[in-house]
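Below is coords.pdb, which holds PDB, C-alpha atoms and all ligand atoms.
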ATOM      1  CA  MET A  21      -5.763  28.060  -4.445
ATOM      2  CA  VAL A  22      -2.064  27.239  -4.628
ATOM      3  CA  ALA A  23      -1.364  23.516  -4.466
ATOM      4  CA  ASN A  24       0.894  21.932  -1.881
ATOM      5  CA  LEU A  25       3.730  20.039  -3.509
ATOM      6  CA  ILE A  26       4.044  16.416  -2.427
ATOM      7  CA  ASN A  27       7.709  16.050  -1.640
ATOM      8  CA  GLY A  28       8.752  12.769  -3.253
ATOM      9  CA  GLU A  29      12.380  13.226  -2.198
ATOM     10  CA  GLN A  30      11.358  13.475   1.459
ATOM     11  CA  VAL A  31       9.023  10.449   1.252
ATOM     12  CA  ALA A  32      11.771   8.462  -0.505
ATOM     13  CA  ARG A  33      14.321   9.482   2.145
ATOM     14  CA  GLU A  34      12.100   8.084   4.893
ATOM     15  CA  VAL A  35      11.642   4.781   3.003
ATOM     16  CA  ARG A  36      15.417   4.561   2.395
ATOM     17  CA  GLU A  37      16.193   5.132   6.088
ATOM     18  CA  SER A  38      13.963   2.218   7.005
ATOM     19  CA  ILE A  39      15.506   0.018   4.261
ATOM     20  CA  LYS A  40      18.995   0.821   5.519
ATOM     21  CA  LYS A  41      18.088  -0.411   9.005
ATOM     22  CA  GLU A  42      16.493  -3.587   7.615
ATOM     23  CA  VAL A  43      19.547  -4.327   5.459
ATOM     24  CA  ALA A  44      21.891  -3.895   8.450
ATOM     25  CA  LEU A  45      19.708  -6.285  10.485
ATOM     26  CA  LEU A  46      19.607  -8.857   7.665
ATOM     27  CA  LYS A  47      23.402  -8.781   7.471
ATOM     28  CA  LYS A  48      23.866  -9.010  11.233
ATOM     29  CA  GLU A  49      21.293 -11.682  12.011
ATOM     30  CA  GLN A  50      21.216 -13.793   8.838
ATOM     31  CA  SER A  51      24.469 -12.856   7.006
ATOM     32  CA  ILE A  52      22.399 -11.911   3.949
ATOM     33  CA  THR A  53      23.373  -8.966   1.775
ATOM     34  CA  PRO A  54      20.477  -8.168  -0.590
ATOM     35  CA  GLY A  55      21.603  -8.112  -4.235
ATOM     36  CA  LEU A  56      19.917  -6.372  -7.155
ATOM     37  CA  ALA A  57      20.609  -7.073 -10.836
ATOM     38  CA  ILE A  58      19.552  -4.400 -13.324
ATOM     39  CA  ILE A  59      19.329  -5.256 -17.019
ATOM     40  CA  VAL A  60      19.716  -2.352 -19.406
ATOM     41  CA  ILE A  61      19.453  -2.707 -23.170
ATOM     42  CA  ARG A  62      21.374   0.185 -24.657
ATOM     43  CA  SER A  63      18.827   2.212 -26.660
ATOM     44  CA  PRO A  64      17.090   5.599 -26.563
ATOM     45  CA  PHE A  65      14.574   4.043 -24.063
ATOM     46  CA  ALA A  66      17.275   2.729 -21.728
ATOM     47  CA  ARG A  67      17.206   5.380 -18.968
ATOM     48  CA  VAL A  68      20.855   4.647 -18.123
ATOM     49  CA  HIS A  69      21.037   7.578 -15.673
ATOM     50  CA  VAL A  70      18.200   6.014 -13.650
ATOM     51  CA  ALA A  71      20.077   2.688 -13.536
ATOM     52  CA  ARG A  72      23.171   4.506 -12.230
ATOM     53  CA  LEU A  73      21.064   6.342  -9.642
ATOM     54  CA  LYS A  74      19.648   3.002  -8.461
ATOM     55  CA  GLU A  75      23.179   1.584  -8.252
ATOM     56  CA  ARG A  76      24.364   4.565  -6.180
ATOM     57  CA  THR A  77      21.351   4.306  -3.874
ATOM     58  CA  CYS A  78      21.953   0.571  -3.397
ATOM     59  CA  HIS A  79      25.531   1.206  -2.321
ATOM     60  CA  GLN A  80      24.411   3.878   0.165
ATOM     61  CA  LEU A  81      22.000   1.382   1.723
ATOM     62  CA  GLY A  82      24.425  -1.546   1.907
ATOM     63  CA  ILE A  83      22.806  -3.405  -1.022
ATOM     64  CA  LYS A  84      24.871  -5.097  -3.744
ATOM     65  CA  CYS A  85      24.008  -3.937  -7.246
ATOM     66  CA  GLN A  86      25.171  -5.060 -10.654
ATOM     67  CA  ILE A  87      24.108  -3.439 -13.934
ATOM     68  CA  PHE A  88      24.159  -5.652 -17.045
ATOM     69  CA  TYR A  89      24.394  -3.526 -20.180
ATOM     70  CA  LEU A  90      23.359  -5.370 -23.335
ATOM     71  CA  PRO A  91      23.628  -4.117 -26.925
ATOM     72  CA  GLU A  92      20.576  -2.845 -28.801
ATOM     73  CA  THR A  93      20.719  -5.915 -31.050
ATOM     74  CA  THR A  94      20.181  -8.331 -28.093
ATOM     75  CA  THR A  95      17.639 -11.054 -28.890
ATOM     76  CA  ASP A  96      14.893 -12.516 -26.670
ATOM     77  CA  GLU A  97      17.007 -15.703 -26.315
ATOM     78  CA  GLU A  98      20.093 -13.789 -25.148
ATOM     79  CA  ILE A  99      18.262 -11.798 -22.500
ATOM     80  CA  ILE A 100      16.392 -14.926 -21.331
ATOM     81  CA  HIS A 101      19.731 -16.736 -21.017
ATOM     82  CA  LEU A 102      21.043 -13.931 -18.783
ATOM     83  CA  ILE A 103      17.885 -13.948 -16.628
ATOM     84  CA  GLU A 104      18.142 -17.723 -16.155
ATOM     85  CA  ARG A 105      21.714 -17.270 -14.956
ATOM     86  CA  LEU A 106      20.598 -14.524 -12.519
ATOM     87  CA  ASN A 107      17.725 -16.742 -11.328
ATOM     88  CA  ARG A 108      20.336 -19.335 -10.268
ATOM     89  CA  SER A 109      22.683 -16.838  -8.602
ATOM     90  CA  LYS A 110      22.663 -16.883  -4.795
ATOM     91  CA  ASP A 111      23.944 -13.285  -4.733
ATOM     92  CA  VAL A 112      20.980 -11.911  -6.681
ATOM     93  CA  HIS A 113      17.661 -11.544  -4.846
ATOM     94  CA  GLY A 114      15.907  -9.278  -7.317
ATOM     95  CA  ILE A 115      15.947  -8.545 -11.050
ATOM     96  CA  ASN A 116      14.942  -5.195 -12.525
ATOM     97  CA  ILE A 117      14.566  -4.946 -16.300
ATOM     98  CA  HIS A 118      14.721  -1.453 -17.756
ATOM     99  CA  PRO A 119      12.355  -0.546 -20.625
ATOM    100  CA  LEU A 120      13.047  -2.905 -23.522
ATOM    101  CA  THR A 121      13.346  -2.044 -27.175
ATOM    102  CA  PRO A 122      10.162  -2.746 -29.184
ATOM    103  CA  HIS A 123      11.670  -5.801 -30.968
ATOM    104  CA  LEU A 124      11.860  -7.692 -27.647
ATOM    105  CA  ASP A 125       8.919  -9.596 -26.144
ATOM    106  CA  HIS A 126       8.473  -7.946 -22.756
ATOM    107  CA  THR A 127       5.700 -10.257 -21.559
ATOM    108  CA  LEU A 128       7.722 -13.381 -22.373
ATOM    109  CA  ILE A 129      10.900 -11.969 -20.809
ATOM    110  CA  SER A 130       9.288 -10.763 -17.570
ATOM    111  CA  GLN A 131       7.793 -14.237 -17.003
ATOM    112  CA  VAL A 132      11.244 -15.885 -17.120
ATOM    113  CA  VAL A 133      12.264 -14.008 -13.956
ATOM    114  CA  ASP A 134      11.944 -16.326 -10.930
ATOM    115  CA  TYR A 135       8.765 -15.027  -9.227
ATOM    116  CA  ARG A 136      10.704 -14.835  -5.938
ATOM    117  CA  LYS A 137      13.140 -12.386  -7.594
ATOM    118  CA  ASP A 138      10.384 -10.404  -9.354
ATOM    119  CA  VAL A 139      10.904  -7.137  -7.461
ATOM    120  CA  GLU A 140       8.870  -5.292 -10.114
ATOM    121  CA  GLY A 141       5.771  -7.344  -9.260
ATOM    122  CA  LEU A 142       5.048  -8.144 -12.917
ATOM    123  CA  HIS A 143       5.274 -11.949 -12.880
ATOM    124  CA  PHE A 144       1.931 -13.695 -13.543
ATOM    125  CA  LEU A 145       2.115 -15.411 -10.136
ATOM    126  CA  ASN A 146       2.695 -12.178  -8.255
ATOM    127  CA  MET A 147       0.104 -10.303 -10.320
ATOM    128  CA  GLY A 148      -2.381 -13.147  -9.763
ATOM    129  CA  ASN A 149      -1.776 -13.248  -6.011
ATOM    130  CA  PHE A 150      -2.084  -9.477  -5.923
ATOM    131  CA  LEU A 151      -5.498  -9.606  -7.634
ATOM    132  CA  MET A 152      -6.560 -12.328  -5.190
ATOM    133  CA  GLY A 153      -5.667  -9.982  -2.318
ATOM    134  CA  GLU A 154      -2.327 -11.500  -1.251
ATOM    135  CA  HIS A 155       0.244  -8.774  -1.193
ATOM    136  CA  HIS A 156       3.611 -10.531  -1.156
ATOM    137  CA  MET A 157       5.289  -8.741  -4.077
ATOM    138  CA  VAL A 158       3.325  -5.731  -5.270
ATOM    139  CA  ASN A 159       4.266  -3.610  -8.256
ATOM    140  CA  PHE A 160       6.785  -1.010  -7.075
ATOM    141  CA  VAL A 161       5.381   1.945  -9.029
ATOM    142  CA  ALA A 162       1.897   1.414  -7.614
ATOM    143  CA  ARG A 163       3.337   1.075  -4.102
ATOM    144  CA  GLY A 164       5.236   4.340  -4.605
ATOM    145  CA  ILE A 165       2.104   6.162  -5.749
ATOM    146  CA  MET A 166       0.198   4.918  -2.683
ATOM    147  CA  LYS A 167       3.029   6.060  -0.417
ATOM    148  CA  LEU A 168       2.840   9.572  -1.888
ATOM    149  CA  ILE A 169      -0.932   9.725  -1.460
ATOM    150  CA  GLU A 170      -0.548   8.479   2.121
ATOM    151  CA  SER A 171       1.969  11.266   2.820
ATOM    152  CA  THR A 172      -0.745  13.909   2.215
ATOM    153  CA  GLY A 173      -2.728  12.537   5.168
ATOM    154  CA  GLU A 174      -5.897  12.650   3.014
ATOM    155  CA  ASP A 175      -8.429   9.866   3.550
ATOM    156  CA  LEU A 176      -9.425   7.966   0.391
ATOM    157  CA  GLU A 177     -12.637   6.571   1.866
ATOM    158  CA  ASP A 178     -15.626   7.813  -0.209
ATOM    159  CA  LYS A 179     -13.302   9.555  -2.692
ATOM    160  CA  LYS A 180     -13.652   9.382  -6.473
ATOM    161  CA  ALA A 181     -10.316   8.344  -8.010
ATOM    162  CA  VAL A 182      -9.621   8.596 -11.731
ATOM    163  CA  ILE A 183      -6.581   6.985 -13.324
ATOM    164  CA  VAL A 184      -5.456   8.099 -16.763
ATOM    165  CA  GLY A 185      -3.630   5.127 -18.300
ATOM    166  CA  ARG A 186      -4.326   1.374 -18.147
ATOM    167  CA  SER A 187      -0.820  -0.114 -18.399
ATOM    168  CA  GLN A 188       0.284  -3.245 -16.520
ATOM    169  CA  LEU A 189       3.049  -1.195 -14.930
ATOM    170  CA  VAL A 190       0.984   1.699 -13.552
ATOM    171  CA  GLY A 191      -2.736   2.066 -14.262
ATOM    172  CA  LYS A 192      -3.964  -1.456 -13.513
ATOM    173  CA  PRO A 193      -2.013  -2.153 -10.284
ATOM    174  CA  VAL A 194      -2.657   1.273  -8.777
ATOM    175  CA  SER A 195      -6.393   0.870  -9.441
ATOM    176  CA  PHE A 196      -6.442  -2.257  -7.257
ATOM    177  CA  LEU A 197      -4.573  -0.605  -4.400
ATOM    178  CA  LEU A 198      -6.997   2.333  -4.506
ATOM    179  CA  ILE A 199     -10.024   0.024  -4.463
ATOM    180  CA  LYS A 200      -8.562  -1.632  -1.372
ATOM    181  CA  LYS A 201      -8.561   1.800   0.272
ATOM    182  CA  ASN A 202     -12.284   2.114  -0.539
ATOM    183  CA  ALA A 203     -11.856   4.771  -3.228
ATOM    184  CA  THR A 204     -14.308   4.519  -6.125
ATOM    185  CA  VAL A 205     -12.103   4.082  -9.155
ATOM    186  CA  SER A 206     -12.499   4.868 -12.874
ATOM    187  CA  ILE A 207      -9.778   4.058 -15.402
ATOM    188  CA  CYS A 208      -9.417   6.144 -18.566
ATOM    189  CA  HIS A 209      -7.254   5.473 -21.627
ATOM    190  CA  SER A 210      -6.543   6.745 -25.107
ATOM    191  CA  GLN A 211      -9.961   5.600 -26.343
ATOM    192  CA  THR A 212     -11.921   7.357 -23.581
ATOM    193  CA  PRO A 213     -14.104  10.013 -25.201
ATOM    194  CA  ASN A 214     -14.245  13.371 -23.421
ATOM    195  CA  LEU A 215     -11.512  12.610 -20.909
ATOM    196  CA  GLU A 216     -12.230  15.834 -19.025
ATOM    197  CA  VAL A 217     -15.743  14.631 -18.102
ATOM    198  CA  PHE A 218     -14.062  11.953 -15.952
ATOM    199  CA  THR A 219     -11.006  13.847 -14.718
ATOM    200  CA  LYS A 220     -13.052  16.868 -13.654
ATOM    201  CA  LYS A 221     -14.963  14.681 -11.156
ATOM    202  CA  ALA A 222     -11.842  13.202  -9.570
ATOM    203  CA  ASP A 223     -10.967  13.902  -5.935
ATOM    204  CA  LEU A 224      -7.791  11.965  -6.732
ATOM    205  CA  LEU A 225      -6.304  12.032 -10.222
ATOM    206  CA  VAL A 226      -3.422   9.688 -11.126
ATOM    207  CA  VAL A 227      -1.980  10.497 -14.539
ATOM    208  CA  ALA A 228       0.214   7.973 -16.387
ATOM    209  CA  ALA A 229      -0.373   8.647 -20.072
ATOM    210  CA  GLY A 230       3.195   9.331 -21.194
ATOM    211  CA  HIS A 231       2.324  12.597 -23.000
ATOM    212  CA  PRO A 232       3.140  16.125 -21.810
ATOM    213  CA  HIS A 233       0.194  18.360 -20.919
ATOM    214  CA  THR A 234      -2.412  15.591 -21.152
ATOM    215  CA  ILE A 235      -4.048  17.227 -18.116
ATOM    216  CA  ARG A 236      -4.774  20.940 -18.068
ATOM    217  CA  LYS A 237      -6.404  23.214 -15.511
ATOM    218  CA  ASN A 238      -9.940  22.918 -16.942
ATOM    219  CA  MET A 239      -9.770  19.116 -16.505
ATOM    220  CA  VAL A 240      -9.074  19.174 -12.745
ATOM    221  CA  LYS A 241     -11.536  19.512  -9.862
ATOM    222  CA  GLU A 242     -10.850  22.304  -7.370
ATOM    223  CA  GLY A 243      -9.051  20.812  -4.345
ATOM    224  CA  ALA A 244      -8.053  17.534  -6.042
ATOM    225  CA  ILE A 245      -4.971  15.441  -5.291
ATOM    226  CA  VAL A 246      -2.983  15.077  -8.535
ATOM    227  CA  ILE A 247      -0.286  12.428  -8.924
ATOM    228  CA  ASP A 248       1.738  13.012 -12.090
ATOM    229  CA  VAL A 249       3.491   9.761 -13.001
ATOM    230  CA  GLY A 250       4.578  10.852 -16.486
ATOM    231  CA  VAL A 251       8.203  11.420 -17.350
ATOM    232  CA  ASN A 252       8.734  13.022 -20.750
ATOM    233  CA  GLN A 253      12.012  14.296 -22.104
ATOM    234  CA  VAL A 254      11.411  17.635 -23.821
ATOM    235  CA  GLY A 255      14.733  19.038 -25.019
ATOM    236  CA  THR A 256      16.961  18.870 -21.965
ATOM    237  CA  ARG A 257      14.024  19.032 -19.506
ATOM    238  CA  LEU A 258      12.004  16.280 -17.877
ATOM    239  CA  ILE A 259       8.324  17.135 -17.662
ATOM    240  CA  GLY A 260       5.263  15.222 -16.518
ATOM    241  CA  ASP A 261       1.870  14.587 -18.103
ATOM    242  CA  VAL A 262       0.269  17.459 -16.195
ATOM    243  CA  ASP A 263       0.472  21.144 -17.044
ATOM    244  CA  HIS A 264       1.860  22.112 -13.641
ATOM    245  CA  GLU A 265       1.824  25.864 -14.060
ATOM    246  CA  GLU A 266      -1.955  25.762 -14.610
ATOM    247  CA  VAL A 267      -3.009  22.784 -12.493
ATOM    248  CA  GLU A 268      -1.236  24.008  -9.355
ATOM    249  CA  LYS A 269      -3.767  26.873  -9.307
ATOM    250  CA  VAL A 270      -6.737  24.521  -8.757
ATOM    251  CA  ALA A 271      -5.421  21.338  -7.107
ATOM    252  CA  LYS A 272      -4.826  20.949  -3.365
ATOM    253  CA  TRP A 273      -1.891  18.556  -3.722
ATOM    254  CA  VAL A 274       0.384  17.898  -6.715
ATOM    255  CA  THR A 275       3.496  15.767  -7.215
ATOM    256  CA  PRO A 276       6.256  17.712  -8.985
ATOM    257  CA  VAL A 277       8.223  16.329 -11.946
ATOM    258  CA  PRO A 278      11.042  15.658 -11.327
ATOM    259  CA  GLY A 279      11.115  15.001  -7.565
ATOM    260  CA  GLY A 280       7.685  13.398  -7.168
ATOM    261  CA  VAL A 281       6.909   9.830  -8.195
ATOM    262  CA  GLY A 282      10.416   8.983  -9.505
ATOM    263  CA  PRO A 283      12.440   8.900  -6.244
ATOM    264  CA  VAL A 284       9.685   7.015  -4.403
ATOM    265  CA  THR A 285       9.415   4.283  -7.046
ATOM    266  CA  ILE A 286      13.163   3.638  -6.766
ATOM    267  CA  ALA A 287      12.833   3.417  -2.979
ATOM    268  CA  MET A 288       9.888   0.997  -3.278
ATOM    269  CA  LEU A 289      11.821  -1.160  -5.751
ATOM    270  CA  LEU A 290      14.551  -1.534  -3.126
ATOM    271  CA  ASP A 291      11.959  -2.148  -0.426
ATOM    272  CA  ASN A 292      10.620  -5.007  -2.587
ATOM    273  CA  LEU A 293      14.202  -6.263  -2.920
ATOM    274  CA  VAL A 294      14.597  -6.467   0.848
ATOM    275  CA  ARG A 295      11.283  -8.387   1.072
ATOM    276  CA  ALA A 296      12.553 -10.743  -1.631
ATOM    277  CA  ALA A 297      15.903 -11.268   0.136
ATOM    278  CA  LYS A 298      14.098 -12.090   3.391
ATOM    279  CA  SER A 299      11.899 -14.704   1.727
ATOM    280  CA  GLN A 300      14.625 -16.567  -0.225
TER     281      GLN A 300
HETATM  282  P1  LIG A 401       2.238   3.089 -21.380
HETATM  283  O1  LIG A 401       2.417   1.621 -21.205
HETATM  284  O2  LIG A 401       2.592   3.724 -22.678
HETATM  285  O3  LIG A 401       0.690   3.401 -21.071
HETATM  286  C1  LIG A 401       0.150   4.680 -21.262
HETATM  287  C2  LIG A 401      -1.319   4.610 -20.992
HETATM  288  O4  LIG A 401      -1.873   5.917 -21.144
HETATM  289  C3  LIG A 401      -2.087   3.704 -21.955
HETATM  290  O5  LIG A 401      -3.055   2.963 -21.248
HETATM  291  C4  LIG A 401      -2.742   4.686 -22.932
HETATM  292  O6  LIG A 401      -3.990   4.233 -23.430
HETATM  293  C5  LIG A 401      -2.977   5.887 -22.029
HETATM  294  N1  LIG A 401      -3.003   7.142 -22.773
HETATM  295  C6  LIG A 401      -2.088   7.601 -23.658
HETATM  296  N2  LIG A 401      -2.456   8.816 -24.104
HETATM  297  C7  LIG A 401      -3.626   9.124 -23.515
HETATM  298  C8  LIG A 401      -4.502  10.229 -23.581
HETATM  299  N3  LIG A 401      -4.256  11.293 -24.355
HETATM  300  N4  LIG A 401      -5.620  10.209 -22.836
HETATM  301  C9  LIG A 401      -5.901   9.157 -22.033
HETATM  302  N5  LIG A 401      -5.095   8.074 -21.928
HETATM  303  C10 LIG A 401      -3.965   8.054 -22.654
HETATM  304  O7  LIG A 401       3.023   3.892 -20.276
HETATM  305  P2  LIG A 401       3.350   3.531 -18.716
HETATM  306  O8  LIG A 401       4.426   2.539 -18.642
HETATM  307  O9  LIG A 401       2.082   3.293 -17.980
HETATM  308  O10 LIG A 401       3.962   4.924 -18.258
HETATM  309  C11 LIG A 401       3.214   6.123 -18.335
HETATM  310  C12 LIG A 401       4.115   7.296 -18.014
HETATM  311  O11 LIG A 401       4.601   7.136 -16.695
HETATM  312  C13 LIG A 401       5.364   7.395 -18.895
HETATM  313  O12 LIG A 401       5.668   8.753 -19.078
HETATM  314  C14 LIG A 401       6.442   6.727 -18.082
HETATM  315  O13 LIG A 401       7.733   7.204 -18.387
HETATM  316  C15 LIG A 401       6.027   7.170 -16.697
HETATM  317  N6  LIG A 401       6.495   6.282 -15.627
HETATM  318  C16 LIG A 401       7.178   6.861 -14.616
HETATM  319  C17 LIG A 401       7.621   6.099 -13.572
HETATM  320  C18 LIG A 401       8.358   6.755 -12.459
HETATM  321  O14 LIG A 401       8.971   6.081 -11.643
HETATM  322  N7  LIG A 401       8.310   8.074 -12.364
HETATM  323  C19 LIG A 401       7.393   4.724 -13.551
HETATM  324  C20 LIG A 401       6.661   4.160 -14.588
HETATM  325  C21 LIG A 401       6.212   4.951 -15.621
HETATM  326  P3  LIG A 401      -4.137   2.907 -24.370
HETATM  327  O15 LIG A 401      -4.040   1.752 -23.438
HETATM  328  O16 LIG A 401      -5.469   3.071 -24.983
HETATM  329  O17 LIG A 401      -2.995   2.989 -25.347
END

Turn the structure described in the file into structure tokens.
Amino acid sequence: MVANLINGEQVAREVRESIKKEVALLKKEQSITPGLAIIVIRSPFARVHVARLKERTCHQLGIKCQIFYLPETTTDEEIIHLIERLNRSKDVHGINIHPLTPHLDHTLISQVVDYRKDVEGLHFLNMGNFLMGEHHMVNFVARGIMKLIESTGEDLEDKKAVIVGRSQLVGKPVSFLLIKKNATVSICHSQTPNLEVFTKKADLLVVAAGHPHTIRKNMVKEGAIVIDVGVNQVGTRLIGDVDHEEVEKVAKWVTPVPGGVGPVTIAMLLDNLVRAAKSQ
């Protein structure tokens, strides 16, 4: 078997086209121009190129975007002060915080964001509503993953789904969206013994471990859908968590890295921004 590649660029393009129309309508009918603020702490984790890509995409779609670069020595108080200012700004409808340096308290900081501007879907209120089944502002990465799965046309009803990774950002929210689609979900993590026993049974395998080659061919069921969320810098290359050369020989569908999950998550972040702008 040779896997079909799930074309994240194509899926993202379709989402962007719809966003562009919604933004034009918002401007015409309500004189609202959605505005995104991105906070980037300069560090090896910063992913500055992704912030610039988001900024460029915003401009193409008619969205205002401002990137706030802060030095690596920024304290919790300084970043909170900036967020409070952005919370008050009428021009900013959504706040996106890039990965923080380990000395900063991510949980504390993400809760300072006004829940109406929480386009990442990580505020306690949005997370709580999400768990209760109200889907006003859902985590953008999980929404992106669901969009990619949807694009395969495969039905999740009666399927066994296995998620590798239990983070707030990926593993936990995507598990809830999959349950809603009637998949039967297992979540694995670094303490799961014999990972392959679980992954090998998965009709759908979502991998967000953050380590290259966590998933190899012998760990994947023939005909599975494999969503590789991982982004790992190895030398000058970006690679996922899945050994693509091997896994593409057994899976039915695979997301490439790059060009899979990444573009769709950016599109879903901006889709959340438009939702936020409409509700403010
Ligand atoms: P994270 O917070 O570090 O979580 C990683 C999770 O994987 C943890 O739950 C960890 O288990 C588990 N894990 C680590 N090694 C494992 C192993 N060998 N076997 C089984 N489980 C293992 O990372 P994250 O924020 O979820 O991100 C995961 C990856 O996705 C990263 O590469 C990140 O860059 C990428 N990502 C990409 C996008 C995108 O748009 N493309 C968006 C978000 C994230 P424990 O809980 O036991 O530690």

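The result of the PyMOL selection byres (((chain A and resi 285-289) around 8) and not hetatm) on the shown file is A:Ala32, A:Val35, A:Arg36, A:Lys74, A:Val139, A:Glu140, A:Phe160, A:Val161, A:Arg163, A:Gly164, A:Ile165, A:Val281, A:Gly282, A:Pro283, A:Val284, A:Leu290, A:Asp291, A:Asn292, A:Leu293.
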
Around all the atoms of ligand LIG 401 (chain A) listed in the file, with 4 Å of room on each side, what axis-aligned box do you get, giving centre and edge lengths in Å to one decimal, as AutoDock Vina command-line options?
--center_x 1.5 --center_y 6.5 --center_z -18.5 --size_x 22.9 --size_y 17.7 --size_z 21.7

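Each residue with an atom within 6 Å of any atom of ligand LIG 401 (chain A) appears in the list, which was built counting all atoms listed in the file: Val161, Val184, Gly185, Arg186, Ser187, Leu189, Val190, Cys208, His209, Ser210, Gln211, Ala228, Ala229, Gly230, Thr234, Val249, Gly250, Val251, Asn252, Val281, Gly282 and Thr285 of chain A.
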
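Closest approach to Gly243 of chain A among A:His79, A:Val31, A:Ser171, A:Met21: A:Met21, based on all atoms listed in the file.
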
(request) Run through the PyMOL selection byres (((chain A and resi 103-115) around 10) and not hetatm) on the given coordinates and return the selected residues as a count of residues only. (result) 42

Could you write out as a compact mmCIF listing (two decimals) with C-alpha atoms, in the coordinates of the input the residues that the PyMOL selection byres (((chain A and resi 170) around 12) and not hetatm) matches in the shown file?
# COMPACT_ATOMS: atom_id res chain seq x y z
CA ILE A 26 4.04 16.42 -2.43
CA ASN A 27 7.71 16.05 -1.64
CA GLY A 28 8.75 12.77 -3.25
CA VAL A 31 9.02 10.45 1.25
CA ARG A 163 3.34 1.08 -4.10
CA GLY A 164 5.24 4.34 -4.61
CA ILE A 165 2.10 6.16 -5.75
CA MET A 166 0.20 4.92 -2.68
CA LYS A 167 3.03 6.06 -0.42
CA LEU A 168 2.84 9.57 -1.89
CA ILE A 169 -0.93 9.72 -1.46
CA SER A 171 1.97 11.27 2.82
CA THR A 172 -0.74 13.91 2.22
CA GLY A 173 -2.73 12.54 5.17
CA GLU A 174 -5.90 12.65 3.01
CA ASP A 175 -8.43 9.87 3.55
CA LEU A 176 -9.43 7.97 0.39
CA LEU A 197 -4.57 -0.60 -4.40
CA LEU A 198 -7.00 2.33 -4.51
CA LYS A 201 -8.56 1.80 0.27
CA LEU A 224 -7.79 11.96 -6.73
CA ILE A 245 -4.97 15.44 -5.29
CA ILE A 247 -0.29 12.43 -8.92
CA TRP A 273 -1.89 18.56 -3.72

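If you look at atom CA of Ile183 of chain A and atom CA of Leu73 of chain A, they are 27.9 Å away from each other.
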
(message) Give me the residues near Arg236 of chain A as a ChimeraX atom specification, where near means some atom within 7 Å (using only C-alpha atoms) and where sequence neighbours in that chain fewer than 3 positions away do not count.
(response) /A:233,239,262-263,266-267

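Here atom CA of Leu124 of chain A and atom CA of Val70 of chain A stand 20.6 Å from one another.
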
(request) Just give me the gap between atom CA of Val240 of chain A and atom CA of Glu29 of chain A in Å, one decimal is fine. (result) 24.6 Å

(message) List the spatial neighbours of Pro276 of chain A as a PyMOL selection string - criterion: any atom at most 7 Å away, only C-alpha atoms, same-chain residues fewer than 3 positions off excluded.
(response) chain A and resi 25+279-280

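Nearest residue to Ala44 of chain A among A:Thr121, A:Thr212, A:Gln80, A:Ser195 is A:Gln80, counting all atoms listed in the file.
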
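Counting only C-alpha atoms, the residue from A:Asp248, A:Val182, A:Thr256, A:Phe196 that sits nearest to Asp223 of chain A is A:Val182.
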
(request) Determine the nearest neighbour of Gln30 of chain A from the options A:Lys221, A:Thr275, A:Lys48, A:Tyr89, counting only C-alpha atoms. (result) A:Thr275
